[in-house]
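Engineer: The following file, final_20.pdb, comprises PDB, C-alpha atoms:
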```
ATOM      1  CA  MET O  10       0.127  -4.128 -10.792  1.00  0.00           C
ATOM      2  CA  LYS O  11       0.869  -6.829  -8.304  1.00  0.00           C
ATOM      3  CA  LEU O  12      -1.503  -9.504  -7.045  1.00  0.00           C
ATOM      4  CA  ARG O  13      -3.796  -8.208  -4.279  1.00  0.00           C
ATOM      5  CA  ASP O  14      -3.356  -4.597  -5.480  1.00  0.00           C
ATOM      6  CA  GLN O  15      -6.588  -2.625  -5.398  1.00  0.00           C
ATOM      7  CA  LEU O  16      -8.519  -1.829  -8.589  1.00  0.00           C
ATOM      8  CA  PRO O  17      -7.586   1.734  -9.535  1.00  0.00           C
ATOM      9  CA  GLU O  18     -10.139   4.461 -10.225  1.00  0.00           C
ATOM     10  CA  LEU O  19     -11.406   4.293 -13.803  1.00  0.00           C
ATOM     11  CA  ASP O  20     -10.678   7.844 -14.890  1.00  0.00           C
ATOM     12  CA  GLY O  21      -8.741   9.731 -17.561  1.00  0.00           C
ATOM     13  CA  GLU O  22     -10.788   8.319 -20.433  1.00  0.00           C
ATOM     14  CA  LYS O  23     -11.124   9.974 -23.822  1.00  0.00           C
ATOM     15  CA  ALA O  24     -14.621   8.461 -23.994  1.00  0.00           C
ATOM     16  CA  TRP O  25     -16.778   5.628 -22.722  1.00  0.00           C
ATOM     17  CA  LEU O  26     -18.637   3.459 -25.209  1.00  0.00           C
ATOM     18  CA  ASN O  27     -21.617   1.228 -24.252  1.00  0.00           C
ATOM     19  CA  GLY O  28     -22.124   2.991 -20.933  1.00  0.00           C
ATOM     20  CA  GLU O  29     -19.838   4.308 -18.214  1.00  0.00           C
ATOM     21  CA  VAL O  30     -18.851   2.629 -14.953  1.00  0.00           C
ATOM     22  CA  SER O  31     -16.784   3.698 -11.975  1.00  0.00           C
ATOM     23  CA  LYS O  32     -14.747   1.783  -9.456  1.00  0.00           C
ATOM     24  CA  ALA O  33     -17.606   2.276  -6.989  1.00  0.00           C
ATOM     25  CA  ASP O  34     -19.959   0.528  -9.429  1.00  0.00           C
ATOM     26  CA  LEU O  35     -17.670  -2.505  -9.614  1.00  0.00           C
ATOM     27  CA  VAL O  36     -16.311  -3.090  -6.120  1.00  0.00           C
ATOM     28  CA  GLY O  37     -18.465  -4.772  -3.484  1.00  0.00           C
ATOM     29  CA  GLU O  38     -21.024  -6.401  -5.720  1.00  0.00           C
ATOM     30  CA  LYS O  39     -19.246  -9.033  -7.804  1.00  0.00           C
ATOM     31  CA  PRO O  40     -15.842  -9.886  -9.315  1.00  0.00           C
ATOM     32  CA  THR O  41     -14.607  -7.964 -12.358  1.00  0.00           C
ATOM     33  CA  LEU O  42     -12.719  -8.926 -15.510  1.00  0.00           C
ATOM     34  CA  ILE O  43     -10.980  -6.017 -17.203  1.00  0.00           C
ATOM     35  CA  HIS O  44      -9.513  -6.747 -20.601  1.00  0.00           C
ATOM     36  CA  PHE O  45      -7.201  -4.492 -22.580  1.00  0.00           C
ATOM     37  CA  TRP O  46      -7.451  -4.648 -26.366  1.00  0.00           C
ATOM     38  CA  SER O  47      -6.633  -2.570 -29.413  1.00  0.00           C
ATOM     39  CA  ILE O  48      -8.156  -2.199 -32.867  1.00  0.00           C
ATOM     40  CA  SER O  49      -4.740  -2.935 -34.398  1.00  0.00           C
ATOM     41  CA  CYS O  50      -4.278  -6.166 -32.416  1.00  0.00           C
ATOM     42  CA  GLY O  51      -5.066  -9.364 -34.305  1.00  0.00           C
ATOM     43  CA  LEU O  52      -4.759 -11.541 -31.185  1.00  0.00           C
ATOM     44  CA  CYS O  53      -7.288  -9.305 -29.424  1.00  0.00           C
ATOM     45  CA  LYS O  54      -9.802  -9.813 -32.203  1.00  0.00           C
ATOM     46  CA  GLU O  55      -9.213 -13.582 -32.193  1.00  0.00           C
ATOM     47  CA  ALA O  56      -9.784 -13.747 -28.418  1.00  0.00           C
ATOM     48  CA  MET O  57     -12.845 -11.490 -28.422  1.00  0.00           C
ATOM     49  CA  PRO O  58     -15.439 -14.271 -28.962  1.00  0.00           C
ATOM     50  CA  GLN O  59     -14.136 -15.983 -25.808  1.00  0.00           C
ATOM     51  CA  VAL O  60     -14.232 -12.721 -23.840  1.00  0.00           C
ATOM     52  CA  ASN O  61     -17.797 -12.150 -25.050  1.00  0.00           C
ATOM     53  CA  GLU O  62     -18.624 -15.683 -23.972  1.00  0.00           C
ATOM     54  CA  PHE O  63     -17.411 -14.829 -20.436  1.00  0.00           C
ATOM     55  CA  ARG O  64     -19.559 -11.707 -20.507  1.00  0.00           C
ATOM     56  CA  ASP O  65     -22.665 -13.598 -21.591  1.00  0.00           C
ATOM     57  CA  GLN O  66     -22.166 -16.772 -19.564  1.00  0.00           C
ATOM     58  CA  TYR O  67     -21.401 -14.952 -16.292  1.00  0.00           C
ATOM     59  CA  GLN O  68     -23.469 -11.811 -16.812  1.00  0.00           C
ATOM     60  CA  ASP O  69     -25.124 -12.073 -13.396  1.00  0.00           C
ATOM     61  CA  LYS O  70     -21.927 -12.978 -11.541  1.00  0.00           C
ATOM     62  CA  LEU O  71     -19.099 -11.039 -13.244  1.00  0.00           C
ATOM     63  CA  ASN O  72     -18.519  -7.465 -14.387  1.00  0.00           C
ATOM     64  CA  VAL O  73     -16.735  -7.353 -17.740  1.00  0.00           C
ATOM     65  CA  ILE O  74     -15.082  -4.108 -18.810  1.00  0.00           C
ATOM     66  CA  ALA O  75     -13.069  -3.482 -21.970  1.00  0.00           C
ATOM     67  CA  VAL O  76     -10.218  -0.973 -22.155  1.00  0.00           C
ATOM     68  CA  HIS O  77      -9.147   0.161 -25.602  1.00  0.00           C
ATOM     69  CA  MET O  78      -5.398   0.804 -25.503  1.00  0.00           C
ATOM     70  CA  PRO O  79      -3.904   2.466 -28.600  1.00  0.00           C
ATOM     71  CA  ARG O  80      -0.650   1.044 -29.900  1.00  0.00           C
ATOM     72  CA  SER O  81      -0.062   3.810 -32.444  1.00  0.00           C
ATOM     73  CA  GLU O  82      -1.569   7.043 -33.790  1.00  0.00           C
ATOM     74  CA  ASN O  83      -3.730   4.909 -36.098  1.00  0.00           C
ATOM     75  CA  ASP O  84      -5.536   3.482 -33.046  1.00  0.00           C
ATOM     76  CA  LEU O  85      -6.901   6.849 -31.879  1.00  0.00           C
ATOM     77  CA  ASP O  86      -9.862   7.208 -34.267  1.00  0.00           C
ATOM     78  CA  LEU O  87     -12.970   6.991 -32.076  1.00  0.00           C
ATOM     79  CA  ASP O  88     -15.244   6.137 -35.008  1.00  0.00           C
ATOM     80  CA  GLU O  89     -13.006   3.238 -35.972  1.00  0.00           C
ATOM     81  CA  ILE O  90     -12.924   2.001 -32.367  1.00  0.00           C
ATOM     82  CA  LYS O  91     -16.750   2.060 -32.350  1.00  0.00           C
ATOM     83  CA  GLN O  92     -16.868   0.239 -35.682  1.00  0.00           C
ATOM     84  CA  VAL O  93     -14.428  -2.516 -34.638  1.00  0.00           C
ATOM     85  CA  ALA O  94     -16.225  -2.899 -31.290  1.00  0.00           C
ATOM     86  CA  GLU O  95     -19.489  -3.368 -33.167  1.00  0.00           C
ATOM     87  CA  GLN O  96     -17.947  -5.862 -35.610  1.00  0.00           C
ATOM     88  CA  HIS O  97     -16.659  -7.949 -32.704  1.00  0.00           C
ATOM     89  CA  ASN O  98     -19.836  -7.690 -30.614  1.00  0.00           C
ATOM     90  CA  ILE O  99     -18.189  -5.803 -27.750  1.00  0.00           C
ATOM     91  CA  THR O 100     -21.317  -4.702 -25.904  1.00  0.00           C
ATOM     92  CA  GLN O 101     -19.710  -4.325 -22.480  1.00  0.00           C
ATOM     93  CA  PRO O 102     -18.592  -0.844 -21.388  1.00  0.00           C
ATOM     94  CA  ILE O 103     -15.427   0.259 -23.199  1.00  0.00           C
ATOM     95  CA  PHE O 104     -13.010   2.700 -21.572  1.00  0.00           C
ATOM     96  CA  VAL O 105     -11.219   4.476 -24.443  1.00  0.00           C
ATOM     97  CA  ASP O 106      -7.726   5.064 -23.028  1.00  0.00           C
ATOM     98  CA  SER O 107      -6.266   7.273 -25.771  1.00  0.00           C
ATOM     99  CA  ASP O 108      -3.876   9.020 -23.361  1.00  0.00           C
ATOM    100  CA  LEU O 109      -2.833   5.722 -21.684  1.00  0.00           C
ATOM    101  CA  LYS O 110      -3.797   7.069 -18.260  1.00  0.00           C
ATOM    102  CA  LEU O 111      -5.556   3.897 -17.098  1.00  0.00           C
ATOM    103  CA  ASN O 112      -2.921   1.806 -18.816  1.00  0.00           C
ATOM    104  CA  ASP O 113      -0.274   3.540 -16.680  1.00  0.00           C
ATOM    105  CA  LYS O 114      -2.259   2.893 -13.474  1.00  0.00           C
ATOM    106  CA  PHE O 115      -2.374  -0.798 -14.379  1.00  0.00           C
ATOM    107  CA  GLU O 116       1.319  -0.717 -15.431  1.00  0.00           C
ATOM    108  CA  ASN O 117       0.121  -2.629 -18.477  1.00  0.00           C
ATOM    109  CA  GLN O 118       2.334  -3.175 -21.523  1.00  0.00           C
ATOM    110  CA  TYR O 119       0.314  -5.754 -23.426  1.00  0.00           C
ATOM    111  CA  VAL O 120      -2.740  -6.352 -25.564  1.00  0.00           C
ATOM    112  CA  PRO O 121      -4.595  -8.487 -25.065  1.00  0.00           C
ATOM    113  CA  ALA O 122      -4.248  -8.394 -21.293  1.00  0.00           C
ATOM    114  CA  TYR O 123      -6.670  -9.688 -18.677  1.00  0.00           C
ATOM    115  CA  TYR O 124      -7.061  -8.604 -15.071  1.00  0.00           C
ATOM    116  CA  VAL O 125      -9.387 -10.481 -12.708  1.00  0.00           C
ATOM    117  CA  PHE O 126     -10.424  -8.674  -9.517  1.00  0.00           C
ATOM    118  CA  ASP O 127     -12.396 -10.222  -6.678  1.00  0.00           C
ATOM    119  CA  LYS O 128     -15.528  -8.492  -5.443  1.00  0.00           C
ATOM    120  CA  GLU O 129     -13.471  -6.457  -2.933  1.00  0.00           C
ATOM    121  CA  GLY O 130     -11.518  -5.053  -5.879  1.00  0.00           C
ATOM    122  CA  LYS O 131      -8.258  -6.918  -5.219  1.00  0.00           C
ATOM    123  CA  LEU O 132      -6.283  -8.171  -8.209  1.00  0.00           C
ATOM    124  CA  ARG O 133      -6.384 -11.966  -8.198  1.00  0.00           C
ATOM    125  CA  HIS O 134      -5.062 -12.867 -11.649  1.00  0.00           C
ATOM    126  CA  PHE O 135      -3.251 -11.249 -14.552  1.00  0.00           C
ATOM    127  CA  GLN O 136      -2.322 -12.670 -17.893  1.00  0.00           C
ATOM    128  CA  ALA O 137      -1.300 -11.312 -21.264  1.00  0.00           C
ATOM    129  CA  GLY O 138      -1.300 -12.668 -24.780  1.00  0.00           C
ATOM    130  CA  GLY O 139      -3.739 -14.466 -27.001  1.00  0.00           C
ATOM    131  CA  SER O 140      -3.480 -17.958 -25.587  1.00  0.00           C
ATOM    132  CA  GLY O 141      -4.292 -19.253 -22.157  1.00  0.00           C
ATOM    133  CA  MET O 142      -8.062 -18.861 -22.167  1.00  0.00           C
ATOM    134  CA  LYS O 143      -8.344 -22.126 -20.225  1.00  0.00           C
ATOM    135  CA  MET O 144      -6.198 -20.627 -17.455  1.00  0.00           C
ATOM    136  CA  LEU O 145      -8.253 -17.437 -17.483  1.00  0.00           C
ATOM    137  CA  THR O 146     -11.471 -19.475 -17.265  1.00  0.00           C
ATOM    138  CA  LYS O 147     -10.039 -21.416 -14.319  1.00  0.00           C
ATOM    139  CA  ARG O 148      -9.043 -18.241 -12.463  1.00  0.00           C
ATOM    140  CA  VAL O 149     -12.378 -16.526 -13.104  1.00  0.00           C
ATOM    141  CA  ASN O 150     -14.229 -19.611 -11.881  1.00  0.00           C
ATOM    142  CA  ARG O 151     -12.076 -19.782  -8.747  1.00  0.00           C
ATOM    143  CA  VAL O 152     -12.837 -16.158  -7.862  1.00  0.00           C
ATOM    144  CA  LEU O 153     -16.541 -16.710  -8.594  1.00  0.00           C
ATOM    145  CA  GLU O 154     -16.586 -19.802  -6.359  1.00  0.00           C
ATOM    146  CA  GLU O 155     -14.896 -17.914  -3.526  1.00  0.00           C
ATOM    147  CA  THR O 156     -17.470 -15.148  -3.876  1.00  0.00           C
ATOM    148  CA  GLN O 157     -20.332 -17.619  -3.860  1.00  0.00           C
ATOM    149  CA  ASN O 158     -18.942 -19.406  -0.790  1.00  0.00           C
ATOM    150  CA  ALA O 159     -18.410 -16.115   1.045  1.00  0.00           C
ATOM    151  CA  ASP O 160     -21.957 -14.992   0.251  1.00  0.00           C
ATOM    152  CA  SER O 161     -23.599 -18.221   1.392  1.00  0.00           C
TER
END
```
How does this structure look as structure tokens?
Structural biologist:
Amino acid sequence: MKLRDQLPELDGEKAWLNGEVSKADLVGEKPTLIHFWSISCGLCKEAMPQVNEFRDQYQDKLNVIAVHMPRSENDLDLDEIKQVAEQHNITQPIFVDSDLKLNDKFENQYVPAYYVFDKEGKLRHFQAGGSGMKMLTKRVNRVLEETQNADS
């Protein structure tokens, strides 16, 4: 995906955990952070407390959606995905992308990967890898400020 691309439809899932959302639920109300992770990804697990912090700190201002992206056959066990999600306190909706359909729409090749969309559903920031949470925080805050200024 390129900057300013529109958030794709959230379909093709094997399952949704912690509730299901659609593009219509996300666009128009508030900005959205979509993060790709995998149960076999150590960096994802290390970054999860910071992602959960975003979710909790900005719960009224930011949608946070997790996408589980398998990296191998071993990552396809739904029970294990549920268990790891529980261990890492992932309470936000989780799109289980076992067939990589959403992954392909995002043209994503990485876990962890973070996509920040403004409230109109336009991609404003992308980053991949375990580091750079300060940059992600900065970008999320910028989009939230723009939203706040536009609403006032």
Engineer: What do you get, as a list in words, if you spell out every residue that the PyMOL selection byres ((chain O and resi 109-123) around 7) selects here?
Structural biologist: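 Selected by the PyMOL selection byres ((chain O and resi 109-123) around 7) in this file: Met10, Pro17, Leu19, Asp20, Gly21, Leu42, Ile43, His44, Phe45, Trp46, Ser47, Leu52, Cys53, Met78, Asp106, Ser107, Asp108, Tyr124, Val125, Phe135, Gln136, Ala137, Gly138 and Gly139 of chain O.
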Engineer: Smallest atom-to-atom distance to Cys50 of chain O: which of O:Glu95, O:Glu129, O:Glu29, O:Asp84, using all atoms listed in the file?
Structural biologist: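 Of O:Glu95, O:Glu129, O:Glu29, O:Asp84, the one nearest Cys50 of chain O, counting all atoms listed in the file, is O:Asp84.
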Engineer: Using all atoms listed in the file, determine which residues lie at most 12 Å from Val152 of chain O, disregarding the query and same-chain residues fewer than 5 positions distant; provide the list as a list in words.
Structural biologist: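 Skipping anything fewer than 5 positions along the chain leaves Lys39, Pro40, Thr41, Leu42, Lys70, Leu71, Tyr124, Val125, Phe126, Asp127, Lys128, Glu129, Gly130, Lys131, Leu132, Arg133, His134, Leu145, Thr146, Lys147, Gln157, Asn158 and Ala159 of chain O.
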Engineer: In Å, rounded to a single decimal, give me how far atom CA of Arg64 of chain O is from atom CA of Ile48 of chain O.
Structural biologist: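 Separating atom CA of Ile48 of chain O from atom CA of Arg64 of chain O is a distance of 19.3 Å.
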Engineer: For the structure provided, state which residues fall under the PyMOL selection byres ((chain O and resi 100) around 12), and present them as a PyMOL selection string.
Structural biologist: chain O and resi 25-29+57-58+60-62+64-65+68+73-75+91-99+101-104
Engineer: Go through O:Ser161, O:Ser49, O:Asn72, O:Asn83 and flag the residue nearest Val149 of chain O, using only C-alpha atoms for the distances.
Structural biologist: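 Of the candidates, the smallest distance to Val149 of chain O is held by O:Asn72.
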Engineer: Just the number, please: distance in Å from atom CA of Asp34 of chain O to atom CA of Gln15 of chain O, one decimal.
Structural biologist: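 Between atom CA of Asp34 of chain O and atom CA of Gln15 of chain O the gap is 14.3 Å.
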Engineer: Nearest to Asn150 of chain O: which of O:Gln66, O:Glu22, O:Val36, O:Val105 is it, counting only C-alpha atoms?
Structural biologist: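 Closest candidate: O:Gln66.
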Engineer: My list of candidates is O:Leu35, O:Val30, O:Glu155, O:Ala56. Which is closest to Gly141 of chain O when distances are computed with all atoms listed in the file?
Structural biologist: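 Using all atoms listed in the file, the shortest distance to Gly141 of chain O belongs to O:Ala56.
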Engineer: To test the calculation: enclose all listed atoms of segment 113-128 of chain O in a box whose edges run along x, y and z, add 4 Å on each side, then state centre and edge lengths in Å to one decimal, as lines of an AutoDock Vina configuration file.
Structural biologist:
```
center_x = -6.6
center_y = -3.5
center_z = -15.5
size_x = 25.9
size_y = 22.0
size_z = 28.1
```
Engineer: Take atom CA of Lys54 of chain O and atom CA of Asp86 of chain O and report the distance between them in Å, one decimal.
Structural biologist: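 For atom CA of Lys54 of chain O relative to atom CA of Asp86 of chain O, the distance reads 17.1 Å.
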Engineer: Complete the atom set of segment 73-84 of chain O to all heavy atoms and return it as a compact mmCIF listing (two decimals), in the frame of the given file.
Structural biologist:
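And here is the file that came out, rebuild_7.txt:
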```txt
# COMPACT_ATOMS: atom_id res chain seq x y z
N VAL O 73 -17.73 -7.28 -16.68
CA VAL O 73 -16.74 -7.35 -17.74
C VAL O 73 -16.60 -5.96 -18.34
O VAL O 73 -17.58 -5.37 -18.80
CB VAL O 73 -17.12 -8.38 -18.83
CG1 VAL O 73 -16.07 -8.40 -19.94
CG2 VAL O 73 -17.25 -9.77 -18.22
N ILE O 74 -15.37 -5.44 -18.31
CA ILE O 74 -15.08 -4.11 -18.81
C ILE O 74 -13.94 -4.21 -19.83
O ILE O 74 -12.94 -4.88 -19.58
CB ILE O 74 -14.62 -3.16 -17.66
CG1 ILE O 74 -15.60 -3.19 -16.48
CG2 ILE O 74 -14.39 -1.74 -18.18
CD1 ILE O 74 -16.97 -2.70 -16.77
N ALA O 75 -14.11 -3.53 -20.95
CA ALA O 75 -13.07 -3.48 -21.97
C ALA O 75 -12.32 -2.15 -21.85
O ALA O 75 -12.93 -1.12 -21.55
CB ALA O 75 -13.69 -3.60 -23.36
N VAL O 76 -11.02 -2.20 -22.10
CA VAL O 76 -10.22 -0.97 -22.16
C VAL O 76 -9.53 -0.96 -23.51
O VAL O 76 -8.75 -1.87 -23.82
CB VAL O 76 -9.17 -0.91 -21.02
CG1 VAL O 76 -8.31 0.35 -21.16
CG2 VAL O 76 -9.83 -0.97 -19.66
N HIS O 77 -9.83 0.05 -24.31
CA HIS O 77 -9.15 0.16 -25.60
C HIS O 77 -7.85 0.92 -25.40
O HIS O 77 -7.85 2.08 -24.99
CB HIS O 77 -10.00 0.87 -26.66
CG HIS O 77 -9.27 0.95 -27.96
ND1 HIS O 77 -8.50 2.03 -28.31
CD2 HIS O 77 -9.12 0.03 -28.95
CE1 HIS O 77 -7.92 1.78 -29.48
NE2 HIS O 77 -8.29 0.57 -29.88
N MET O 78 -6.74 0.25 -25.68
CA MET O 78 -5.40 0.80 -25.50
C MET O 78 -4.76 1.01 -26.88
O MET O 78 -4.52 0.03 -27.59
CB MET O 78 -4.58 -0.19 -24.69
CG MET O 78 -3.14 0.19 -24.50
SD MET O 78 -2.30 -1.16 -23.61
CE MET O 78 -0.80 -1.26 -24.55
N PRO O 79 -4.51 2.25 -27.29
CA PRO O 79 -3.90 2.47 -28.60
C PRO O 79 -2.44 2.03 -28.62
O PRO O 79 -1.73 2.20 -27.64
CB PRO O 79 -4.02 3.98 -28.80
CG PRO O 79 -4.01 4.54 -27.41
CD PRO O 79 -4.72 3.50 -26.56
N ARG O 80 -2.05 1.44 -29.74
CA ARG O 80 -0.65 1.04 -29.90
C ARG O 80 0.08 1.98 -30.84
O ARG O 80 1.30 1.92 -30.95
CB ARG O 80 -0.56 -0.39 -30.40
CG ARG O 80 -1.25 -1.36 -29.46
CD ARG O 80 -0.97 -2.80 -29.75
NE ARG O 80 -1.21 -3.15 -31.14
CZ ARG O 80 -0.82 -4.28 -31.70
NH1 ARG O 80 -0.16 -5.17 -31.00
NH2 ARG O 80 -1.09 -4.54 -32.97
N SER O 81 -0.66 2.83 -31.54
CA SER O 81 -0.06 3.81 -32.44
C SER O 81 -1.09 4.91 -32.70
O SER O 81 -2.24 4.82 -32.28
CB SER O 81 0.32 3.14 -33.77
OG SER O 81 -0.85 2.82 -34.51
N GLU O 82 -0.67 5.94 -33.43
CA GLU O 82 -1.57 7.04 -33.79
C GLU O 82 -2.80 6.52 -34.52
O GLU O 82 -3.90 7.06 -34.39
CB GLU O 82 -0.83 8.04 -34.70
CG GLU O 82 0.25 8.84 -34.00
CD GLU O 82 -0.31 9.84 -33.01
OE1 GLU O 82 -1.30 10.53 -33.34
OE2 GLU O 82 0.24 9.93 -31.89
N ASN O 83 -2.63 5.46 -35.31
CA ASN O 83 -3.73 4.91 -36.10
C ASN O 83 -4.84 4.33 -35.23
O ASN O 83 -5.94 4.07 -35.71
CB ASN O 83 -3.23 3.81 -37.04
CG ASN O 83 -2.22 4.34 -38.04
OD1 ASN O 83 -2.22 5.53 -38.35
ND2 ASN O 83 -1.36 3.47 -38.52
N ASP O 84 -4.56 4.09 -33.95
CA ASP O 84 -5.54 3.48 -33.05
C ASP O 84 -6.37 4.52 -32.29
O ASP O 84 -7.10 4.16 -31.38
CB ASP O 84 -4.83 2.59 -32.01
CG ASP O 84 -4.23 1.34 -32.63
OD1 ASP O 84 -4.53 1.05 -33.79
OD2 ASP O 84 -3.47 0.66 -31.92
```
